[in-house]
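Below is one structure, written out as structure tokens; comments come after it.
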Amino acid sequence: MVDNNTIISIRDVVKRFGSTVVAVNDVSLEIKQGEFFALLGPSGCGKTTLLRMLAGFESPTEGQILIDGEHMEGVEPNKRPVNMVFQSYAVFPHMTVHQNVAYGLKVTGTPKSEIDDRVRESLSLVQLEAMAARKPDQLSGGQRQRVALARALVKKPKVLLLDEPLSALDAKLREQMQIELVHLQKSVGITFVIVTHDQNEALSMADRIAVMEQGDVLQVAPPSELYEYPNCRFVADFIGKMNLFDGTVAGIKDGKVLIRVDEFADQLSNLVLPHNEHAKGEVGIAVRPEKIRLDENEPEDQQVRLKVKVTEVVYYGDESHLFLESTGGARFAANLKNEARDTHAEIVSGKELWVSWRPEDTLVLSS
Amino acid sequence: MENWRNNRLVFAVLALPPTAWLVIFFTVPLLIMWVYSFAERGPQGQINLAINLANYARAVEWIHLGIIWKSIWVAAITTLITFAVGFPLAMGIAFAPARWKNVLLLLVILPFWTNLLIRTYAWIAVLRTRGFLNFGLEWVHDKLSTLFASIGFPELMGEFEALELLYNQKAVVIGLVYVYLPFLVLPIYATIEKLDKSYLEASLDLGAGHWRTLFSVTMPLALPGIASGCLLAFILSMGTFLTPALLGGTDSEMIGNLIARQFSSSRDWPFGSALSFLLLYLTFIILWVRASLAGRKDGPI
Amino acid sequence: MSRDRVNPLDYSRKTWMRLCMGFTFVFLYFPIVSLIAFSFNDSKRNITWQGFTLYYYEKAFANAQLHEAFLNSLIIAATSTTVSTILGAMLGLSLYRFRFPAQGPYEGMVHLPIVIPEICMAVAMVAFFATVNMPLGLATITVSHIAFSIPFVAVVIRARMAGFDHALEEASYDLGASQWQTFWNITFPYMKPGLLAGALLAFTLSLDDFVITFFTSGPGSTTFPIKIYSMVRFSVTPEVNAASTVLIVLTLALTMVALFVQSRSQGNQHG
């Protein structure tokens with residue numbers, strides 16, 4: 001089952017705290033060598049516990065973890081071929097930047113001459129050569145994080161674990177660090193496993209993402225697949241914005257699925273969608289706000305179209321978010337790009353519009 | 001906080017009575033003692049006011065300097081042992097599960113709330129020649145003798161001789177460690193408790209073992225608490241009076257007992273006052289060190 | 001397959017740490033527990049267990065000198081507690097509320113009784129009372145006890161007030177209350193658990209104090225700890241154990257009440 005490409009293999013891992021709290025519930029994952037892998041989920045979903053089990057700070061109640069083909073059971077954190085960047089960075093405040101980065105080499109008996117070279121190399125990787133003599137309290141948050149990165153990377157781990165590494169940075173710095181982390185990962189070629197609750201972070205950085213909720217892994221997929229083809233309601237709702245409706249499969253005709261949505265029924269008796277294997281019984285119907293077309297006049301060319309009234313317009317500068325309600329009570333969110341200064345000035349609460357979307361942009365989710 | 005000028009009346013009503021009491025019944029007595037420390041002792045023990053440093057000169061004479069030195073020495077040994085016993089305890093409590101923490105802390109504090117005299121007295125019963133410790137040792141000795149006799153070596157253990165555990169320097173140190181342990185454990189516990197545990201995890205993650213982590217990360221980061229606790233234990237044991245008086249022998253007199261003697265049997269108040277101020281100055285120096293280590297500018301607490 | 005492994009930082013679950021802690025707690029409790037246990041021992045030799053008896057309690061209760069000493073201790077503690085709680089609360093409040101010149105040295109001065117060696121304060125009090133010609137007795141003991149209790153009470157009150165939301169007072173002024181009404185209706189109720197805790201602390205300190213009491217007492221003003229001291233100096237007897245046990249139980253009970261009041265007031269921000 002382990003192919004040469006697999007660096008981390010998580011098999012049927014369960015973590016219980018006490019007898020009642022299940023933090024991680026029977027999770028199996030394979031992470032490939034050289035991958036940028038993200039564990040994404042809301043707080044308390046078990047992603048951090050999973051990461052800490054990889055690092056060795058928690059041990060699984062059941063199941064196995066293999067890193068580079070080796071069983072990790074009973075292996076202390078200091079004997080594992082992984083290193084971690086902590087959420088609080090945990091840069092030792094009583095040591096200089098140089099001493100921090102050198103620590104991991106010193107405690108494992110690396111020769112002194114080699115330590116200095118490797119520390120310098122590692123610090124240059126994160127552009128902190130000039131700060132080597134400083135103490136952590138003389139550094140900014142972003143610099144402290146680079147020290148934490150350099151300190152972990154200098155050990156040349158097989159896997160680098162990052163626990164919410166960007167959560168303590170402000171928005172601008174965060175975006176810059178996202179790009180830098182991706183570049184860094186590609187240049188060192190080490191597998192990165194990152195834990196985050198921020199979907200943008202995961203989407204923009206990771207090669208593959210595992211979405212977790214209440215101890216379960218719901219979907220593992222590359223970012224675009226996760227966004228365009230979520231496999232369940234939770235993932236659809238958690239990643240990006242989504243218009244969600246309850247529907248019932250009314251039948252199949254000519255290779256198309258007919259789905260009845262109560263809120264659409266006064267205008268549209270059935271949605272006619274391409275065939276979908278989830279389309280059985282009760283289903284969820286979902287469409288992204290940006291896939292929704294808005295028209296002042298009825299778009300005759302569109303099969304799926306509904307007459308709606310604007311209930312709210314929220315202005316964000318580059319775009320405006322519209323909240324709309326159909327006569328049947330269906331509520332939609334849609335986006336409008338503000339391409340010119342004076343566009344859409346006439347769109348205010350109470351205005352009547354038409355929403356439409358392509359049937360193939362509609363997601364059918366099993367309940 | 002508001003400026004006192006905004007509300008002079010309220011400030012005066014609140015601050016004056018307690019200040020007056022403390023000035024009259026604390027500061028003034030200290031000042032009187034300070035004045036006495038420069039006075040001379042009359043032939044019947046009366047005090048002749050004068051201004052000379054003879055008392056201080058006497059205090060650093062060999063015989064008294066020996067006692068002062070011994071006080072510092074005993075306090076240092078006590079602090080060292082208290083740290084050796086107290087640090088693991090503080091660490092154990094800080095890493096205990098949350099529901100146990102308060103119980104364990106209470107267990108550390110409780111003896112400290114029982115009367116000092118009684119706690120010291122309790123050690124007499126443990127340490128004296130016919131005390132629990134010797135009794136226990138004798139029991140073990142007897143059992144061993146019987147055992148050896150049964151396998152053919154009746155003379156191997158010899159007669160049991162009770163150990164002289166009480167009325168000596170060791171007894172004083174044991175008593176002091178016992179009494180001041182909570183003072184050392186609590187500040188150390190407080191700093192370790194507040195410590196971000198990811199520092200320790202980071203150290204383990206980077207390949208250091210537990211001992212390495214303890215000496216390279218935990219202890220340096222807990223240093224303010226360690227220094228605070230150790231200096232507190234040091235001050236308290238240096239100025240002790242009761243423990244040597246009850247558990248010590250003739251050779252274990254400390255500076256506190258020397259001061260007490262000047263105010264009782266020797267009736268040499270000026271000299272006692274000078275000694276008392278020497279002890280106070282020593283205390284102040286250590287408090288100042290402690291305050292500056294803690295990075296606090298406000299007062300010697 | 002299920003297992004419950006010790007995590008790397010669960011130091012309190014490691015065997016050597018448990019042994020270490022166990023040993024320390026035995027060290028902390030063996031003397032006191034054996035002292036209490038042997039107050040019930042039916043043997044004068046006080047070393048081997050001969051059976052349960054309350055004889056030494058009867059003997060201690062029948063001891064007129066112990067009685068008088070105990071009464072003295074209670075009188076001193078009650079008076080000292082009353083005065084030092086009021087004065088200490090005033091000090092704590094003024095330190096919490098006001099900024100004033102020379103605050104650092106002032107705070108150092110008023111907190112000094114907490115940190116200086118007891119023996120230094122004891123002999124200074126002796127020198128003072130001799131200078132002002134005040135005969136040593138219950139009064140001198142009480143006055144000294146008040147002096148060293150004030151800062152302790154002030155620390156407790158100040159700690160309590162640190163959690164007080166000043167906006168509550170401002171809201172009260174805003175609604176038209178006077179300073180006095182605001183104090184009485186808003187500040188004081190919040191302060192109350194602190195007052196109780198401070199008072200219990202002052203009571204325990206006074207009841208337990210030996211060194212300062214020993215030096216400031218005169219003929220006829222023997223307190224309970226001093227009486228026990230003089231008994232202890234002669235010999236170790238079950239009667240002393242019994243008397244000590246009574247004092248231990250009394251202070252422990254008071255401490256428990258104080259801790260309970262404190263923990264309850266921490267949980268309840270509005271007192």
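Residues are named by chain letter and number: chains run A, B, ... in the order of the structure tokens, numbers start at 1 in each chain, and ligands are numbered from 1 in the order shown.
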
>> as a PyMOL selection string, please: the residues near range 24-28 of chain C (cut-off 9 Å, only C-alpha atoms, same-chain neighbours under 2 positions excluded).
In response: (chain B and resi 85-86+89+107-108+111+178-179+181) or (chain C and resi 19-22+30-32)

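Proximity to range 135-142 of chain B at 8 Å, evaluated using only C-alpha atoms and with sequence-adjacent residues fewer than 2 positions away removed, yields Arg130, Gly131, Phe132, Leu133, Leu144, Ser145, Thr146, Met157, Phe160 and Ala162 of chain B; Ile47 of chain C.
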
>> Which of range 187-263 of chain C end up as alpha helix (DSSP H) when DSSP is run on this backbone - answer as a VMD selection string?
In response: chain C and resid 188 to 208 211 to 216 224 to 234 238 to 263

Sorted by chain and rising residue number, list the residues of range 171-267 of chain A at most 9 Å from range 323-336 of chain A (counting only C-alpha atoms), each with its closest atom pair and distance in Å to one decimal, as CSV.
residue,atom,partner,partner_atom,distance
A:Lys241,CA,A:Ala333,CA,8.4
A:Met242,CA,A:Ala333,CA,7.8
A:Asn243,CA,A:Phe332,CA,5.9
A:Leu244,CA,A:Phe332,CA,8.5
A:Phe245,CA,A:Ala330,CA,8.0
A:Asp262,CA,A:Gly328,CA,7.7
A:Glu263,CA,A:Gly328,CA,4.7
A:Phe264,CA,A:Gly328,CA,5.8
A:Ala265,CA,A:Gly328,CA,7.0
A:Asp266,CA,A:Gly328,CA,5.9
A:Gln267,CA,A:Gly328,CA,7.7

Would you export the selected residues with C-alpha atoms as an mmCIF file, in the first residue's frame, please?
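The result, written out as selection06.cif:
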data_model
loop_
_atom_site.group_PDB
_atom_site.id
_atom_site.type_symbol
_atom_site.label_atom_id
_atom_site.label_comp_id
_atom_site.auth_asym_id
_atom_site.auth_seq_id
_atom_site.Cartn_x
_atom_site.Cartn_y
_atom_site.Cartn_z
ATOM 1 C CA LYS A 241 -19.690 31.369 -0.385
ATOM 2 C CA MET A 242 -22.543 29.234 -1.530
ATOM 3 C CA ASN A 243 -26.267 29.479 -2.240
ATOM 4 C CA LEU A 244 -27.760 26.303 -0.810
ATOM 5 C CA PHE A 245 -31.264 24.887 -1.281
ATOM 6 C CA ASP A 262 -39.885 24.142 -3.122
ATOM 7 C CA GLU A 263 -38.775 27.782 -3.135
ATOM 8 C CA PHE A 264 -38.394 27.745 -6.942
ATOM 9 C CA ALA A 265 -41.636 25.886 -7.596
ATOM 10 C CA ASP A 266 -43.827 28.924 -8.320
ATOM 11 C CA GLN A 267 -41.607 29.891 -11.261
#

> Contacts of range 217-234 of chain A at 6 Å or less, counting only C-alpha atoms, minus same-chain residues fewer than 6 places along, as a PyMOL selection string?
Replying inline: chain A and resi 203+207-211+365

Residue subset to file, keeping C-alpha atoms, as an mmCIF file, in the first residue's frame:
data_model
loop_
_atom_site.group_PDB
_atom_site.id
_atom_site.type_symbol
_atom_site.label_atom_id
_atom_site.label_comp_id
_atom_site.auth_asym_id
_atom_site.auth_seq_id
_atom_site.Cartn_x
_atom_site.Cartn_y
_atom_site.Cartn_z
ATOM 1 C CA LEU A 203 -6.597 27.418 -1.364
ATOM 2 C CA ASP A 207 -1.272 21.314 -3.530
ATOM 3 C CA ARG A 208 -3.904 19.268 -1.763
ATOM 4 C CA ILE A 209 -6.290 20.059 1.056
ATOM 5 C CA ALA A 210 -8.013 17.819 3.589
ATOM 6 C CA VAL A 211 -11.172 19.392 4.985
ATOM 7 C CA LEU A 365 -25.011 17.232 -3.023
#

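Counting only C-alpha atoms, every residue of chain B that comes within 6 Å of chain A is listed here: B:Ser198, B:Tyr199, B:Leu204, B:Asp205, B:Leu206, B:Gly207, B:Ala208.
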
Restrict the selected residues to all heavy atoms and save them as a short mmCIF file (atom, residue, chain, number, x, y, z; two decimals), in the first residue's frame.
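Below you can see selection_33.cif, which holds the result:
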data_model
loop_
_atom_site.label_atom_id
_atom_site.label_comp_id
_atom_site.auth_asym_id
_atom_site.auth_seq_id
_atom_site.Cartn_x
_atom_site.Cartn_y
_atom_site.Cartn_z
N SER B 198 4.73 25.65 24.38
CA SER B 198 5.33 25.36 23.06
C SER B 198 6.83 25.54 23.08
O SER B 198 7.51 24.96 22.24
CB SER B 198 4.76 26.25 21.95
OG SER B 198 3.67 26.95 22.33
N TYR B 199 7.37 26.33 24.00
CA TYR B 199 8.84 26.43 24.09
C TYR B 199 9.44 25.06 24.38
O TYR B 199 10.43 24.67 23.77
CB TYR B 199 9.25 27.40 25.21
CG TYR B 199 8.98 28.85 24.90
CD1 TYR B 199 8.28 29.64 25.79
CD2 TYR B 199 9.43 29.43 23.73
CE1 TYR B 199 8.03 30.97 25.53
CE2 TYR B 199 9.18 30.75 23.45
CZ TYR B 199 8.48 31.52 24.35
OH TYR B 199 8.23 32.83 24.07
N LEU B 204 11.88 19.87 22.34
CA LEU B 204 11.81 18.43 22.07
C LEU B 204 11.77 18.18 20.58
O LEU B 204 12.43 17.29 20.05
CB LEU B 204 10.56 17.83 22.72
CG LEU B 204 10.51 17.80 24.24
CD1 LEU B 204 9.15 17.29 24.70
CD2 LEU B 204 11.59 16.91 24.79
N ASP B 205 10.98 19.01 19.88
CA ASP B 205 10.80 18.86 18.44
C ASP B 205 12.13 19.01 17.70
O ASP B 205 12.35 18.39 16.67
CB ASP B 205 9.80 19.92 17.97
CG ASP B 205 9.47 19.76 16.50
OD1 ASP B 205 8.80 18.77 16.16
OD2 ASP B 205 9.90 20.61 15.71
N LEU B 206 12.99 19.86 18.25
CA LEU B 206 14.28 20.11 17.59
C LEU B 206 15.33 19.06 17.95
O LEU B 206 16.48 19.18 17.57
CB LEU B 206 14.78 21.51 17.93
CG LEU B 206 13.93 22.64 17.33
CD1 LEU B 206 14.25 23.97 17.96
CD2 LEU B 206 14.13 22.70 15.83
N GLY B 207 14.91 18.08 18.73
CA GLY B 207 15.80 16.96 18.98
C GLY B 207 16.41 16.89 20.36
O GLY B 207 17.18 16.00 20.65
N ALA B 208 16.06 17.84 21.25
CA ALA B 208 16.63 17.82 22.60
C ALA B 208 15.86 16.82 23.45
O ALA B 208 14.66 16.65 23.30
CB ALA B 208 16.56 19.20 23.22
#

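Using only C-alpha atoms, the chain A residues found within 12 Å of chain C amount to Asp12, Val13, Val14, Lys15, Arg16, Phe17, Gly18, Ser19, Arg52, Met53, Ala55, Gly56, Phe57, Glu58, Ser59, Pro60, Thr61, Glu62, Gly63, Gln64, Glu73, Gly74, Val75, Glu76, Pro77, Asn78 and Lys79 of chain A.
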
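Proximity to chain C at a cut-off of 6 Å picks out B:Met1, B:Glu2, B:Asn3, B:Trp4, B:Leu14, B:Ala15, B:Pro18, B:Leu22, B:Pro29, B:Leu30, B:Met33, B:Leu89, B:Gly92, B:Phe95, B:Ala96, B:Thr114, B:Asn115, B:Ala122, B:Trp123, B:Gly239, B:Ser276, B:Asp298, B:Gly299, B:Pro300 on chain B, counting only C-alpha atoms.
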
Only N, CA and C atoms, please: the residues just picked out, written as a PDB file, in the first residue's frame.
ATOM      1  N   MET B   1      -6.472  55.190  38.096  1.00  0.00           N
ATOM      2  CA  MET B   1      -6.020  55.915  39.305  1.00  0.00           C
ATOM      3  C   MET B   1      -6.154  57.415  39.112  1.00  0.00           C
ATOM      4  N   GLU B   2      -6.612  58.068  40.140  1.00  0.00           N
ATOM      5  CA  GLU B   2      -6.737  59.515  40.012  1.00  0.00           C
ATOM      6  C   GLU B   2      -5.672  60.218  40.854  1.00  0.00           C
ATOM      7  N   ASN B   3      -5.389  61.446  40.476  1.00  0.00           N
ATOM      8  CA  ASN B   3      -4.425  62.234  41.222  1.00  0.00           C
ATOM      9  C   ASN B   3      -5.019  62.612  42.576  1.00  0.00           C
ATOM     10  N   TRP B   4      -4.187  62.543  43.622  1.00  0.00           N
ATOM     11  CA  TRP B   4      -4.687  62.814  44.976  1.00  0.00           C
ATOM     12  C   TRP B   4      -5.223  64.224  45.095  1.00  0.00           C
ATOM     13  N   LEU B  14      -8.766  58.527  53.895  1.00  0.00           N
ATOM     14  CA  LEU B  14      -8.400  57.124  53.672  1.00  0.00           C
ATOM     15  C   LEU B  14      -6.970  56.832  54.109  1.00  0.00           C
ATOM     16  N   ALA B  15      -6.047  57.704  53.726  1.00  0.00           N
ATOM     17  CA  ALA B  15      -4.633  57.364  53.876  1.00  0.00           C
ATOM     18  C   ALA B  15      -4.063  57.725  55.244  1.00  0.00           C
ATOM     19  N   PRO B  18      -4.280  54.831  58.606  1.00  0.00           N
ATOM     20  CA  PRO B  18      -3.342  53.699  58.556  1.00  0.00           C
ATOM     21  C   PRO B  18      -1.886  54.154  58.504  1.00  0.00           C
ATOM     22  N   LEU B  22       1.043  53.070  61.180  1.00  0.00           N
ATOM     23  CA  LEU B  22       2.285  52.412  60.749  1.00  0.00           C
ATOM     24  C   LEU B  22       3.504  53.258  61.073  1.00  0.00           C
ATOM     25  N   PRO B  29       9.486  52.959  65.860  1.00  0.00           N
ATOM     26  CA  PRO B  29      10.288  51.947  66.551  1.00  0.00           C
ATOM     27  C   PRO B  29      11.582  51.601  65.810  1.00  0.00           C
ATOM     28  N   LEU B  30      11.482  51.505  64.477  1.00  0.00           N
ATOM     29  CA  LEU B  30      12.704  51.204  63.725  1.00  0.00           C
ATOM     30  C   LEU B  30      13.721  52.331  63.862  1.00  0.00           C
ATOM     31  N   MET B  33      15.334  52.233  67.207  1.00  0.00           N
ATOM     32  CA  MET B  33      16.340  51.183  67.228  1.00  0.00           C
ATOM     33  C   MET B  33      17.604  51.627  66.472  1.00  0.00           C
ATOM     34  N   LEU B  89       8.765  19.650  42.682  1.00  0.00           N
ATOM     35  CA  LEU B  89       7.384  19.749  43.142  1.00  0.00           C
ATOM     36  C   LEU B  89       6.633  20.819  42.350  1.00  0.00           C
ATOM     37  N   GLY B  92       6.055  19.553  38.904  1.00  0.00           N
ATOM     38  CA  GLY B  92       5.019  18.519  38.913  1.00  0.00           C
ATOM     39  C   GLY B  92       3.632  19.125  38.995  1.00  0.00           C
ATOM     40  N   PHE B  95       2.535  20.920  35.746  1.00  0.00           N
ATOM     41  CA  PHE B  95       2.179  20.062  34.627  1.00  0.00           C
ATOM     42  C   PHE B  95       1.070  19.079  34.985  1.00  0.00           C
ATOM     43  N   ALA B  96       0.529  19.207  36.194  1.00  0.00           N
ATOM     44  CA  ALA B  96      -0.536  18.294  36.601  1.00  0.00           C
ATOM     45  C   ALA B  96      -1.826  18.648  35.861  1.00  0.00           C
ATOM     46  N   THR B 114      -0.455  26.388  59.217  1.00  0.00           N
ATOM     47  CA  THR B 114      -0.465  25.942  60.604  1.00  0.00           C
ATOM     48  C   THR B 114       0.655  26.680  61.335  1.00  0.00           C
ATOM     49  N   ASN B 115       0.460  26.821  62.585  1.00  0.00           N
ATOM     50  CA  ASN B 115       1.355  27.611  63.416  1.00  0.00           C
ATOM     51  C   ASN B 115       2.821  27.189  63.264  1.00  0.00           C
ATOM     52  N   ALA B 122       6.694  19.886  65.957  1.00  0.00           N
ATOM     53  CA  ALA B 122       6.426  18.564  65.401  1.00  0.00           C
ATOM     54  C   ALA B 122       7.724  17.856  65.002  1.00  0.00           C
ATOM     55  N   TRP B 123       8.704  18.642  64.548  1.00  0.00           N
ATOM     56  CA  TRP B 123       9.979  18.028  64.162  1.00  0.00           C
ATOM     57  C   TRP B 123      10.763  17.519  65.355  1.00  0.00           C
ATOM     58  N   GLY B 239      17.001  35.337  58.578  1.00  0.00           N
ATOM     59  CA  GLY B 239      16.510  36.114  59.711  1.00  0.00           C
ATOM     60  C   GLY B 239      15.730  35.295  60.718  1.00  0.00           C
ATOM     61  N   SER B 276      20.644  44.059  64.576  1.00  0.00           N
ATOM     62  CA  SER B 276      19.347  44.038  63.930  1.00  0.00           C
ATOM     63  C   SER B 276      19.385  44.832  62.628  1.00  0.00           C
ATOM     64  N   ASP B 298       8.673  49.138  41.575  1.00  0.00           N
ATOM     65  CA  ASP B 298       7.846  49.611  42.688  1.00  0.00           C
ATOM     66  C   ASP B 298       8.061  48.808  43.966  1.00  0.00           C
ATOM     67  N   GLY B 299       8.836  49.355  44.834  1.00  0.00           N
ATOM     68  CA  GLY B 299       8.892  48.877  46.204  1.00  0.00           C
ATOM     69  C   GLY B 299       9.478  47.469  46.374  1.00  0.00           C
ATOM     70  N   PRO B 300       9.931  47.158  47.562  1.00  0.00           N
ATOM     71  CA  PRO B 300      10.637  45.915  47.800  1.00  0.00           C
ATOM     72  C   PRO B 300       9.708  44.756  48.143  1.00  0.00           C
TER      73      PRO B 300
END

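Take CA of Ile192 in chain B and CA of Ala222 in chain B: the distance between them is 5.9 Å.
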
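Taking only C-alpha atoms, the non-local environment of Phe183 in chain B within 7 Å (same-chain residues fewer than 4 positions away omitted) comprises B:Gly229, B:Leu232, B:Ala233.
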
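For range 8-48 of chain A, a DSSP pass over the backbone yields strand (DSSP E) at Ile8, Ser9, Ile10, Arg11, Asp12, Val13, Val14, Lys15, Arg16, Phe17, Val21, Val22, Ala23, Val24, Asn25, Asp26, Val27, Ser28, Leu29, Glu30, Ile31, Lys32, Phe36, Phe37, Ala38, Leu39 and Leu40 of chain A.
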
> So what do you get for CA of Phe234 in chain C versus CA of Gln65 in chain C, distance-wise?
Replying inline: 15.6 Å

With only C-alpha atoms as the counted atoms, please give the residues lying no more than 9 Å from Thr82 in chain B, apart from itself and same-chain residues fewer than 5 positions off, as a PDB file with C-alpha atoms, in the first residue's frame.
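Writing the result to result27.pdb gives the following:
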ATOM      1  CA  ILE B  77      22.399  25.540  52.323  1.00  0.00           C
ATOM      2  CA  PHE B  87      11.656  22.680  41.985  1.00  0.00           C
ATOM      3  CA  LEU B 176      14.064  25.650  57.813  1.00  0.00           C
ATOM      4  CA  VAL B 177      13.607  23.681  54.602  1.00  0.00           C
ATOM      5  CA  TYR B 178      10.323  22.432  55.972  1.00  0.00           C
ATOM      6  CA  TYR B 180      10.088  27.797  53.887  1.00  0.00           C
ATOM      7  CA  LEU B 181       9.376  25.246  51.169  1.00  0.00           C
ATOM      8  CA  LEU B 184       9.953  28.801  47.186  1.00  0.00           C
ATOM      9  CA  VAL B 185       7.486  26.497  45.466  1.00  0.00           C
ATOM     10  CA  CYS B 230      15.228  31.264  46.231  1.00  0.00           C
ATOM     11  CA  ALA B 233      13.716  31.430  51.112  1.00  0.00           C
TER      12      ALA B 233
END

> Please, what distance in Å, to one decimal, runs between CA of Val287 in chain A and CA of Leu268 in chain A?
Replying inline: 16.1 Å

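Closest approach to Ile255 in chain B from the set B:Ile51, B:Leu275, B:Ala202, B:Ala12 is made by B:Leu275, with distances taken over only C-alpha atoms.
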
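By chain and then residue number, the residues within 7 Å of Ile67 in chain A are A:Ile7, A:Ile8, A:Ser9, A:Glu70, A:His71, A:Met72, counting only C-alpha atoms and disregarding those fewer than 3 positions away in sequence.
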